[in-house]
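Coordinates from structure_15.txt are shown below (compact mmCIF, C-alpha atoms (C1' of nucleotides)).
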```txt
# COMPACT_ATOMS: atom_id res chain seq x y z
CA MET W 1 -41.85 42.02 37.90
CA PRO W 2 -39.17 43.70 35.78
CA ASP W 3 -35.71 43.81 37.20
CA ARG W 4 -34.16 46.25 34.82
CA HIS W 5 -36.51 49.16 35.33
CA THR W 6 -37.30 51.27 38.30
CA LEU W 7 -40.66 51.10 39.98
CA GLU W 8 -41.48 54.55 38.64
CA GLU W 9 -40.77 53.51 35.06
CA THR W 10 -42.89 50.42 35.49
CA GLU W 11 -45.80 52.38 36.92
CA ARG W 12 -45.63 54.88 34.11
CA ALA W 13 -45.51 52.11 31.51
CA MET W 14 -48.47 50.39 33.16
CA LYS W 15 -50.52 53.56 33.14
CA ASP W 16 -49.78 53.98 29.46
CA HIS W 17 -51.18 50.55 28.79
CA VAL W 18 -54.07 50.29 31.16
CA GLY W 19 -55.30 53.78 30.50
CA ALA W 20 -57.67 55.52 32.82
CA LEU W 21 -58.59 52.44 34.84
CA PRO W 22 -57.86 52.78 38.54
CA LEU W 23 -55.19 50.34 39.64
CA ASP W 24 -53.89 49.39 43.06
CA PHE W 25 -50.17 49.84 42.51
CA ALA W 26 -49.30 49.28 46.15
CA ALA W 27 -50.95 45.85 46.08
CA ALA W 28 -49.33 44.92 42.77
CA ASN W 29 -45.94 46.03 44.01
CA ALA W 30 -46.24 44.21 47.33
CA LEU W 31 -47.27 40.92 45.74
CA SER W 32 -44.73 41.25 42.96
CA ASN W 33 -42.05 41.49 45.64
CA LEU W 34 -43.60 38.56 47.46
CA PHE W 35 -43.01 36.31 44.47
CA ARG W 36 -39.61 37.74 43.81
CA ALA W 37 -38.49 37.14 47.38
CA ALA W 38 -39.87 33.61 47.46
CA ASN W 39 -38.12 32.76 44.20
CA ALA W 40 -34.84 34.30 45.30
CA VAL W 41 -34.81 32.47 48.61
CA ARG W 42 -35.81 29.20 47.02
CA THR W 43 -33.10 29.47 44.38
CA GLU W 44 -30.51 30.42 46.97
CA LEU W 45 -31.32 27.49 49.24
CA THR W 46 -31.40 25.13 46.27
CA ASN W 47 -28.03 26.27 44.93
CA ARG W 48 -26.19 26.53 48.21
CA VAL W 49 -27.55 23.56 50.11
CA LEU W 50 -29.74 21.19 48.15
CA ARG W 51 -27.77 20.96 44.90
CA GLN W 52 -24.68 19.36 46.44
CA HIS W 53 -26.92 16.63 47.83
CA ASP W 54 -28.59 16.14 44.45
CA MET W 55 -31.93 17.14 45.99
CA THR W 56 -34.75 19.16 44.46
CA TRP W 57 -36.70 21.75 46.43
CA THR W 58 -39.90 19.75 46.46
CA GLY W 59 -38.09 16.53 47.23
CA PHE W 60 -36.49 18.16 50.23
CA VAL W 61 -39.73 19.66 51.50
CA VAL W 62 -41.48 16.31 51.27
CA LEU W 63 -38.60 14.59 53.02
CA TRP W 64 -38.64 17.23 55.73
CA VAL W 65 -42.35 16.85 56.37
CA VAL W 66 -42.12 13.09 56.61
CA TRP W 67 -39.03 13.38 58.81
CA ILE W 68 -40.90 15.55 61.30
CA TRP W 69 -44.22 13.73 61.06
CA ASP W 70 -43.28 10.11 60.64
CA GLY W 71 -45.99 7.88 59.17
CA MET W 72 -48.12 10.78 57.93
CA GLU W 73 -50.79 9.99 55.34
CA THR W 74 -50.01 11.10 51.82
CA ARG W 75 -52.77 13.68 51.43
CA HIS W 76 -51.62 15.44 54.59
CA VAL W 77 -48.04 15.36 53.40
CA ALA W 78 -49.20 16.95 50.15
CA ASP W 79 -51.06 19.62 52.11
CA SER W 80 -48.08 20.35 54.31
CA ALA W 81 -45.69 20.48 51.37
CA ASP W 82 -48.10 22.73 49.47
CA ILE W 83 -48.29 20.45 46.45
CA SER W 84 -51.13 18.42 44.96
CA LYS W 85 -51.67 14.75 45.70
CA ALA W 86 -50.84 13.98 42.09
CA THR W 87 -47.49 15.74 42.34
CA LEU W 88 -46.68 13.98 45.57
CA THR W 89 -47.15 10.59 43.95
CA GLY W 90 -44.41 11.37 41.45
CA VAL W 91 -42.07 12.93 43.99
CA VAL W 92 -42.43 9.98 46.34
CA LYS W 93 -41.67 7.66 43.45
CA THR W 94 -38.41 9.53 42.87
CA LEU W 95 -37.47 9.51 46.56
CA GLU W 96 -38.46 5.88 46.86
CA GLY W 97 -36.18 5.01 43.94
CA ARG W 98 -33.31 6.65 45.79
CA GLY W 99 -34.02 4.64 48.90
CA LEU W 100 -34.91 7.63 51.05
CA ILE W 101 -38.60 7.05 51.72
CA LEU W 102 -41.02 4.16 52.18
CA ARG W 103 -44.69 3.74 51.31
CA GLU W 104 -46.64 1.79 53.90
CA GLY W 105 -50.26 0.69 53.80
CA ASP W 106 -52.61 1.36 56.70
CA GLU W 107 -54.02 -1.83 58.15
CA HIS W 108 -57.33 -0.35 59.31
CA ASP W 109 -58.11 1.67 56.16
CA ARG W 110 -56.65 0.12 53.08
CA ARG W 111 -57.16 3.26 51.02
CA LEU W 112 -54.49 5.06 53.00
CA VAL W 113 -50.77 5.11 52.36
CA ARG W 114 -48.41 6.26 55.09
CA LEU W 115 -44.94 7.60 54.43
CA ARG W 116 -41.78 6.95 56.43
CA LEU W 117 -38.11 7.75 55.96
CA THR W 118 -35.58 4.98 55.56
CA ASP W 119 -32.50 5.03 57.79
CA GLU W 120 -30.65 6.56 54.86
CA GLY W 121 -33.38 9.20 54.57
CA VAL W 122 -33.06 10.07 58.25
CA ARG W 123 -29.28 10.24 57.96
CA LEU W 124 -29.58 12.58 54.99
CA MET W 125 -32.00 14.92 56.73
CA GLU W 126 -29.83 15.04 59.84
CA GLU W 127 -27.04 16.15 57.55
CA ILE W 128 -28.93 18.57 55.30
CA TYR W 129 -31.35 20.35 57.59
CA PRO W 130 -28.79 22.07 59.80
CA GLU W 131 -27.08 23.40 56.66
CA PHE W 132 -30.44 24.47 55.29
CA ASN W 133 -31.43 26.29 58.43
CA ALA W 134 -28.04 27.98 58.67
CA VAL W 135 -28.58 29.56 55.26
CA GLU W 136 -32.15 30.50 56.21
CA SER W 137 -30.75 32.22 59.25
CA GLU W 138 -28.15 34.02 57.18
CA ILE W 139 -30.76 35.31 54.75
CA VAL W 140 -32.76 37.08 57.45
CA SER W 141 -29.75 37.96 59.60
CA GLN W 142 -29.81 41.61 58.62
CA LEU W 143 -33.38 41.98 59.89
CA SER W 144 -34.04 42.74 63.53
CA ASP W 145 -36.01 40.25 65.59
CA ARG W 146 -38.79 42.80 65.70
CA LYS W 147 -38.92 43.08 61.91
CA ILE W 148 -38.83 39.34 61.45
CA SER W 149 -41.81 38.99 63.77
CA ALA W 150 -43.78 41.69 61.98
CA PHE W 151 -42.85 40.18 58.62
CA THR W 152 -44.00 36.72 59.70
CA ARG W 153 -47.26 38.10 61.04
CA THR W 154 -48.04 39.94 57.82
CA LEU W 155 -47.28 36.84 55.76
CA ARG W 156 -49.67 34.92 57.93
CA ASP W 157 -52.28 37.65 57.52
CA VAL W 158 -51.99 37.31 53.76
CA VAL W 159 -52.44 33.54 53.95
CA ASN W 160 -55.46 33.97 56.21
CA SER W 161 -56.93 36.59 53.91
CA VAL W 162 -56.73 34.27 50.93
CA GLU W 163 -58.14 31.34 52.84
CA ALA W 164 -60.99 33.43 54.20
CA GLN W 165 -61.95 34.41 50.67
CA GLN W 166 -61.81 30.80 49.59
CA ASP W 167 -64.04 29.77 52.46
CA ALA W 168 -66.50 32.53 51.64
CA ARG W 169 -66.74 31.28 48.06
CA ASN W 170 -67.18 27.71 49.20
CA GLU W 171 -70.06 28.67 51.43
CA ALA W 172 -71.65 30.69 48.66
CA SER W 173 -71.45 27.77 46.24
CA ALA W 174 -72.74 25.38 48.89
CA GLU W 175 -75.92 27.42 49.16
CA ALA W 176 -76.62 27.07 45.45
CA MET C 1 -44.52 23.75 56.49
CA PRO C 2 -47.20 21.63 58.14
CA ASP C 3 -50.71 22.96 58.08
CA ARG C 4 -52.27 20.65 60.55
CA HIS C 5 -50.05 21.27 63.51
CA THR C 6 -49.40 24.30 65.59
CA LEU C 7 -46.08 26.06 65.50
CA GLU C 8 -45.34 24.81 68.98
CA GLU C 9 -45.92 21.20 67.99
CA THR C 10 -43.72 21.60 64.97
CA GLU C 11 -40.91 23.16 66.98
CA ARG C 12 -41.07 20.40 69.54
CA ALA C 13 -41.04 17.75 66.81
CA MET C 14 -38.09 19.44 65.14
CA LYS C 15 -36.13 19.55 68.37
CA ASP C 16 -36.77 15.85 68.83
CA HIS C 17 -35.25 15.15 65.44
CA VAL C 18 -32.42 17.61 65.22
CA GLY C 19 -31.30 17.07 68.76
CA ALA C 20 -29.01 19.48 70.53
CA LEU C 21 -28.08 21.46 67.44
CA PRO C 22 -28.93 25.15 67.69
CA LEU C 23 -31.57 26.11 65.15
CA ASP C 24 -32.93 29.47 64.08
CA PHE C 25 -36.65 28.82 64.42
CA ALA C 26 -37.60 32.42 63.76
CA ALA C 27 -35.87 32.32 60.39
CA ALA C 28 -37.35 28.94 59.51
CA ASN C 29 -40.82 30.11 60.47
CA ALA C 30 -40.55 33.37 58.56
CA LEU C 31 -39.38 31.75 55.35
CA SER C 32 -41.85 28.92 55.69
CA ASN C 33 -44.61 31.51 55.77
CA LEU C 34 -43.03 33.32 52.85
CA PHE C 35 -43.47 30.25 50.66
CA ARG C 36 -46.90 29.53 51.98
CA ALA C 37 -48.09 33.06 51.27
CA ALA C 38 -46.60 33.09 47.78
CA ASN C 39 -48.23 29.75 46.97
CA ALA C 40 -51.59 30.79 48.38
CA VAL C 41 -51.66 34.06 46.46
CA ARG C 42 -50.53 32.43 43.27
CA THR C 43 -53.17 29.71 43.53
CA GLU C 44 -55.87 32.25 44.34
CA LEU C 45 -55.03 34.47 41.38
CA THR C 46 -54.80 31.44 39.09
CA ASN C 47 -58.15 30.04 40.17
CA ARG C 48 -60.12 33.27 40.30
CA VAL C 49 -58.70 35.13 37.31
CA LEU C 50 -56.38 33.18 35.05
CA ARG C 51 -58.25 29.90 34.83
CA GLN C 52 -61.34 31.31 33.13
CA HIS C 53 -59.06 32.71 30.43
CA ASP C 54 -57.26 29.37 30.05
CA MET C 55 -54.03 31.02 31.11
CA THR C 56 -51.22 29.63 33.27
CA TRP C 57 -49.41 31.70 35.87
CA THR C 58 -46.14 31.78 33.96
CA GLY C 59 -47.88 32.44 30.67
CA PHE C 60 -49.62 35.43 32.20
CA VAL C 61 -46.46 36.82 33.76
CA VAL C 62 -44.60 36.57 30.46
CA LEU C 63 -47.49 38.19 28.63
CA TRP C 64 -47.60 40.97 31.19
CA VAL C 65 -43.89 41.70 30.92
CA VAL C 66 -44.03 41.86 27.13
CA TRP C 67 -47.18 43.96 27.30
CA ILE C 68 -45.45 46.56 29.45
CA TRP C 69 -42.08 46.39 27.73
CA ASP C 70 -42.89 45.87 24.11
CA GLY C 71 -40.07 44.42 22.00
CA MET C 72 -38.01 43.29 24.98
CA GLU C 73 -35.23 40.75 24.32
CA THR C 74 -35.94 37.24 25.50
CA ARG C 75 -33.24 36.98 28.16
CA HIS C 76 -34.54 40.14 29.81
CA VAL C 77 -38.07 38.84 29.67
CA ALA C 78 -36.88 35.67 31.36
CA ASP C 79 -35.15 37.74 34.05
CA SER C 80 -38.21 39.86 34.63
CA ALA C 81 -40.52 36.87 34.75
CA ASP C 82 -38.13 35.08 37.12
CA ILE C 83 -37.80 31.99 34.92
CA SER C 84 -34.86 30.54 33.00
CA LYS C 85 -34.24 31.21 29.33
CA ALA C 86 -34.96 27.55 28.64
CA THR C 87 -38.36 27.77 30.29
CA LEU C 88 -39.19 30.95 28.43
CA THR C 89 -38.55 29.26 25.09
CA GLY C 90 -41.26 26.71 25.85
CA VAL C 91 -43.72 29.22 27.26
CA VAL C 92 -43.34 31.52 24.26
CA LYS C 93 -43.94 28.56 21.99
CA THR C 94 -47.23 27.94 23.77
CA LEU C 95 -48.28 31.59 23.64
CA GLU C 96 -47.19 31.85 20.02
CA GLY C 97 -49.35 28.86 19.13
CA ARG C 98 -52.33 30.66 20.67
CA GLY C 99 -51.64 33.76 18.61
CA LEU C 100 -50.90 35.98 21.60
CA ILE C 101 -47.22 36.74 21.10
CA LEU C 102 -44.72 37.21 18.27
CA ARG C 103 -41.00 36.43 17.97
CA GLU C 104 -39.09 39.03 16.03
CA GLY C 105 -35.42 38.99 15.05
CA ASP C 106 -33.20 41.98 15.74
CA GLU C 107 -31.75 43.40 12.53
CA HIS C 108 -28.52 44.66 14.10
CA ASP C 109 -27.69 41.59 16.19
CA ARG C 110 -29.02 38.43 14.66
CA ARG C 111 -28.56 36.46 17.87
CA LEU C 112 -31.32 38.42 19.54
CA VAL C 113 -35.03 37.66 19.53
CA ARG C 114 -37.48 40.36 20.54
CA LEU C 115 -40.98 39.64 21.79
CA ARG C 116 -44.16 41.55 21.00
CA LEU C 117 -47.84 41.00 21.70
CA THR C 118 -50.27 40.47 18.87
CA ASP C 119 -53.42 42.59 18.77
CA GLU C 120 -55.22 39.66 20.32
CA GLY C 121 -52.57 39.49 23.04
CA VAL C 122 -53.02 43.18 23.82
CA ARG C 123 -56.79 42.78 23.89
CA LEU C 124 -56.48 39.86 26.28
CA MET C 125 -54.18 41.73 28.67
CA GLU C 126 -56.44 44.76 28.67
CA GLU C 127 -59.19 42.43 29.74
CA ILE C 128 -57.33 40.27 32.25
CA TYR C 129 -55.02 42.66 34.06
CA PRO C 130 -57.69 44.85 35.65
CA GLU C 131 -59.34 41.69 37.00
CA PHE C 132 -55.98 40.41 38.19
CA ASN C 133 -55.13 43.64 39.97
CA ALA C 134 -58.56 43.81 41.56
CA VAL C 135 -57.98 40.46 43.23
CA GLU C 136 -54.48 41.52 44.26
CA SER C 137 -56.02 44.56 45.86
CA GLU C 138 -58.61 42.47 47.63
CA ILE C 139 -55.98 40.14 49.04
CA VAL C 140 -54.11 42.94 50.82
CA SER C 141 -57.20 45.02 51.54
CA GLN C 142 -57.23 44.13 55.21
CA LEU C 143 -53.71 45.51 55.67
CA SER C 144 -53.18 49.19 56.35
CA ASP C 145 -51.19 51.25 53.86
CA ARG C 146 -48.48 51.50 56.48
CA LYS C 147 -48.25 47.72 56.89
CA ILE C 148 -48.22 47.17 53.14
CA SER C 149 -45.31 49.57 52.83
CA ALA C 150 -43.36 47.90 55.61
CA PHE C 151 -44.16 44.48 54.17
CA THR C 152 -42.94 45.50 50.72
CA ARG C 153 -39.76 46.99 52.15
CA THR C 154 -38.94 43.85 54.09
CA LEU C 155 -39.55 41.68 51.04
CA ARG C 156 -37.17 43.88 49.12
CA ASP C 157 -34.63 43.61 51.94
CA VAL C 158 -34.81 39.84 51.69
CA VAL C 159 -34.25 39.95 47.92
CA ASN C 160 -31.31 42.31 48.39
CA SER C 161 -29.85 40.12 51.11
CA VAL C 162 -29.88 37.07 48.86
CA GLU C 163 -28.44 38.95 45.91
CA ALA C 164 -25.70 40.46 48.06
CA GLN C 165 -24.67 36.98 49.15
CA GLN C 166 -24.67 35.80 45.55
CA ASP C 167 -22.49 38.73 44.52
CA ALA C 168 -20.09 38.05 47.37
CA ARG C 169 -19.69 34.45 46.23
CA ASN C 170 -19.17 35.52 42.62
CA GLU C 171 -16.38 37.87 43.62
CA ALA C 172 -14.80 35.22 45.77
CA SER C 173 -14.81 32.70 42.94
CA ALA C 174 -13.53 35.33 40.50
CA GLU C 175 -10.44 35.77 42.65
CA ALA C 176 -9.60 32.10 42.45
C1' DG D 1 -8.69 40.62 8.56
C1' DC D 2 -9.20 36.80 11.70
C1' DG D 3 -9.20 33.49 15.25
C1' DA D 4 -10.32 33.09 20.52
C1' DG D 5 -13.64 33.98 23.55
C1' DA D 6 -18.15 35.75 25.00
C1' DT D 7 -23.08 35.81 24.43
C1' DC D 8 -27.38 34.84 22.22
C1' DG D 9 -31.66 31.70 22.02
C1' DT D 10 -32.74 26.84 21.49
C1' DT D 11 -32.65 21.86 22.24
C1' DC D 12 -32.49 18.00 25.17
C1' DG D 13 -33.29 15.02 29.19
C1' DG D 14 -35.34 14.54 33.36
C1' DA D 15 -38.08 16.16 37.36
C1' DT D 16 -41.95 18.61 38.85
C1' DC D 17 -46.69 20.28 38.69
C1' DC D 18 -51.62 20.10 38.25
C1' DG D 19 -56.64 18.92 36.92
C1' DT D 20 -59.22 15.15 35.78
C1' DA D 21 -60.68 10.59 35.65
C1' DC D 22 -60.35 6.29 37.66
C1' DG D 23 -60.44 1.90 40.56
C1' DA D 24 -60.44 0.53 45.28
C1' DT D 25 -62.16 1.00 49.65
C1' DA D 26 -64.91 2.83 53.42
C1' DA D 27 -68.98 5.05 55.42
C1' DC D 28 -73.61 5.91 55.45
C1' DC D 29 -78.39 4.78 55.37
C1' DA D 30 -82.75 2.73 54.25
C1' DT R 1 -77.53 -6.02 54.11
C1' DG R 2 -77.35 -3.81 49.80
C1' DG R 3 -76.74 0.34 47.39
C1' DT R 4 -75.46 5.06 47.15
C1' DT R 5 -72.08 8.38 48.34
C1' DA R 6 -67.67 10.00 49.85
C1' DT R 7 -62.74 9.61 50.07
C1' DC R 8 -58.36 7.52 49.27
C1' DG R 9 -54.01 7.31 46.26
C1' DT R 10 -52.72 6.82 41.48
C1' DA R 11 -52.44 6.94 36.06
C1' DC R 12 -52.60 10.09 32.48
C1' DG R 13 -51.98 14.18 29.41
C1' DG R 14 -50.12 18.47 28.93
C1' DA R 15 -47.54 22.54 30.53
C1' DT R 16 -43.84 24.21 33.08
C1' DC R 17 -39.14 24.22 34.91
C1' DC R 18 -34.16 23.96 34.87
C1' DG R 19 -28.99 22.82 33.96
C1' DA R 20 -26.06 21.58 30.50
C1' DA R 21 -24.67 21.31 25.88
C1' DC R 22 -25.01 23.31 21.39
C1' DG R 23 -24.81 25.99 17.00
C1' DA R 24 -24.99 30.74 15.46
C1' DT R 25 -23.39 35.19 15.93
C1' DC R 26 -20.85 39.04 17.65
C1' DT R 27 -16.65 41.22 19.85
C1' DC R 28 -12.25 42.04 20.77
C1' DG R 29 -7.21 41.84 20.39
C1' DC R 30 -3.50 41.29 17.45
```
This structure in structure tokens:
Amino acid sequence: MPDRHTLEETERAMKDHVGALPLDFAAANALSNLFRAANAVRTELTNRVLRQHDMTWTGFVVLWVVWIWDGMETRHVADSADISKATLTGVVKTLEGRGLILREGDEHDRRLVRLRLTDEGVRLMEEIYPEFNAVESEIVSQLSDRKISAFTRTLRDVVNSVEAQQDARNEASAEA
Amino acid sequence: MPDRHTLEETERAMKDHVGALPLDFAAANALSNLFRAANAVRTELTNRVLRQHDMTWTGFVVLWVVWIWDGMETRHVADSADISKATLTGVVKTLEGRGLILREGDEHDRRLVRLRLTDEGVRLMEEIYPEFNAVESEIVSQLSDRKISAFTRTLRDVVNSVEAQQDARNEASAEA
DNA sequence: GCGAGATCGTTCGGATCCGTACGATAACCA
DNA sequence: TGGTTATCGTACGGATCCGAACGATCTCGC
């Protein structure tokens, strides 16, 4: 993850520390860059778009999900936003306090809570999202359409690979 | 970011909400998958490797950086670990309390604090990192070497693109 | 020498973030 | 129909996470 050293220096330093053990440097390097890219993009979008609207990354993602899927149940919102149910509770509390989102009970199943945007929340998303997407577009603008497609496919492959391993473990533990 | 809907459904729902505005769906989709992949990999590595050693993601990354670059100054560790200096202060406090890391003043510049691993910290990294890297390797094992290389290059392009835009803004504001 | 300015790590306040435990509710089944 | 089981969202404790402000220290120009 170091920024100040070349990849070669890092590999050499790693070998000095790990010793004779065989390591997969290509995998480590790829995933290291995965995190670095995700952090860089997230910080860039936060600083250039979200900050001037006094909005956090997670708050925006939750708002976006509820904007697109109005009335969605909280656990599905948490899934879509890639955060835990516990985290969502706190984030919704913040957004609710700012008058951007509403919690709404389900009449058929009283365990459920559905989320909706207020008019102010809708207005805000109609203002922010085009700005957000414009910066997204700018970030990948130097990549050809072909590269963006390949990039997206590989990212999806990685997600599927992880989920497949999780499923395999779940089945194995279900047998026991 | 939704998990439960197809890309087509999401695009249609977005168009319904954003209206006639032109959006870059390819960019949105690529970056959405970037975050999803990073989260999935991070969660997988945390659950399969770090959790049994009672180690958080950030704690591990900091430990790894200091392991490789012994005696590094805190601000560079923060840079390498992709966290703020303020966050690092808290994380180091946690690791220090567990006897894994040491804070050490610089004799020539008394503002500086250098970080080192304790013997226990070194022992722990020698134990954890091979496990960590093995799972990293497994995650990308279905990708060909060629695809991993292309993937890594594109990730680096994205990082460079964001940093180039940041630099351009810094120069612009320096002129004013 | 010696102040003005830059840079260091830390503190502070507030917002995530998560695993776990919990109470409420629903679904299942004998 | 009554009891077990599953599932829902939430409260809680503890660890990040960051921007801004701050004291300490160094640097540079005069």
Residues near C:Gly121, cut-off 8 Å, all atoms listed in the file, skip fewer than 2 positions along chain, as a PyMOL selection string = chain C and resi 63+99-101+117-119+123-125
ask   = Smallest atom-to-atom distance to W:Ala20: which of C:Pro130, C:Gln142, C:His53, C:Arg114, using all atoms listed in the file?
value = C:Pro130
task = Fewer than 2 positions away in the same chain doesn't count, so skip those; otherwise give me all residues within 10 Å of D:DA4, counting all atoms listed in the file, as a list in words.
result = DC2 and DA6 of chain D; DC28 and DG29 of chain R
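Contacts from chain C to chain R at a cut-off of 7 Å (all atoms listed in the file) map to Ser84, Thr87, Arg110 and Arg111 of chain C.
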ask   = For chain D, which of W:Lys147, W:Arg169, W:Arg156, W:Lys93 is the closest residue, counting all atoms listed in the file?
value =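 Using all atoms listed in the file, chain D sits closest to W:Lys93.
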Each residue of chain C lying at most 12 Å from chain D should get a row with its shortest atom-to-atom pair and the distance in Å to one decimal, counting all atoms listed in the file; could you produce that, ordered by chain and increasing number, as a Markdown table?
```
| residue | atom | partner | partner_atom | distance |
| --- | --- | --- | --- | --- |
| C:Thr43 | CA | D:DC18 | C1' | 11.1 |
| C:Thr46 | CA | D:DC18 | C1' | 11.8 |
| C:Asn47 | CA | D:DG19 | C1' | 11.7 |
| C:Arg51 | CA | D:DG19 | C1' | 11.3 |
| C:Thr56 | CA | D:DC18 | C1' | 10.8 |
| C:Glu73 | CA | D:DG9 | C1' | 10.0 |
| C:Thr74 | CA | D:DG9 | C1' | 7.8 |
| C:Arg75 | CA | D:DG9 | C1' | 8.3 |
| C:His76 | CA | D:DC8 | C1' | 11.7 |
| C:Ala78 | CA | D:DG9 | C1' | 11.4 |
| C:Ser84 | CA | D:DG9 | C1' | 11.5 |
| C:Lys85 | CA | D:DG9 | C1' | 7.8 |
| C:Ala86 | CA | D:DT10 | C1' | 7.5 |
| C:Thr87 | CA | D:DT10 | C1' | 10.5 |
| C:Leu88 | CA | D:DG9 | C1' | 9.9 |
| C:Thr89 | CA | D:DT10 | C1' | 7.3 |
| C:Gly90 | CA | D:DT10 | C1' | 9.6 |
| C:Val92 | CA | D:DG9 | C1' | 11.9 |
| C:Lys93 | CA | D:DT10 | C1' | 11.3 |
| C:Arg103 | CA | D:DG9 | C1' | 11.2 |
| C:Gly105 | CA | D:DG9 | C1' | 10.8 |
| C:Asp106 | CA | D:DC8 | C1' | 11.3 |
| C:Asp109 | CA | D:DC8 | C1' | 9.1 |
| C:Arg110 | CA | D:DC8 | C1' | 8.5 |
| C:Arg111 | CA | D:DC8 | C1' | 4.8 |
| C:Leu112 | CA | D:DC8 | C1' | 6.0 |
| C:Val113 | CA | D:DG9 | C1' | 7.3 |
| C:Arg114 | CA | D:DG9 | C1' | 10.5 |
```
task = Can you pull out every residue within 9 Å of C:Gly59, counting all atoms listed in the file, but drop anything in the same chain fewer than 5 positions away, and send it as a list of chain:residue names?
result =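 The neighbour list is C:Trp64, C:Val91, C:Val92, C:Thr94, C:Leu95.
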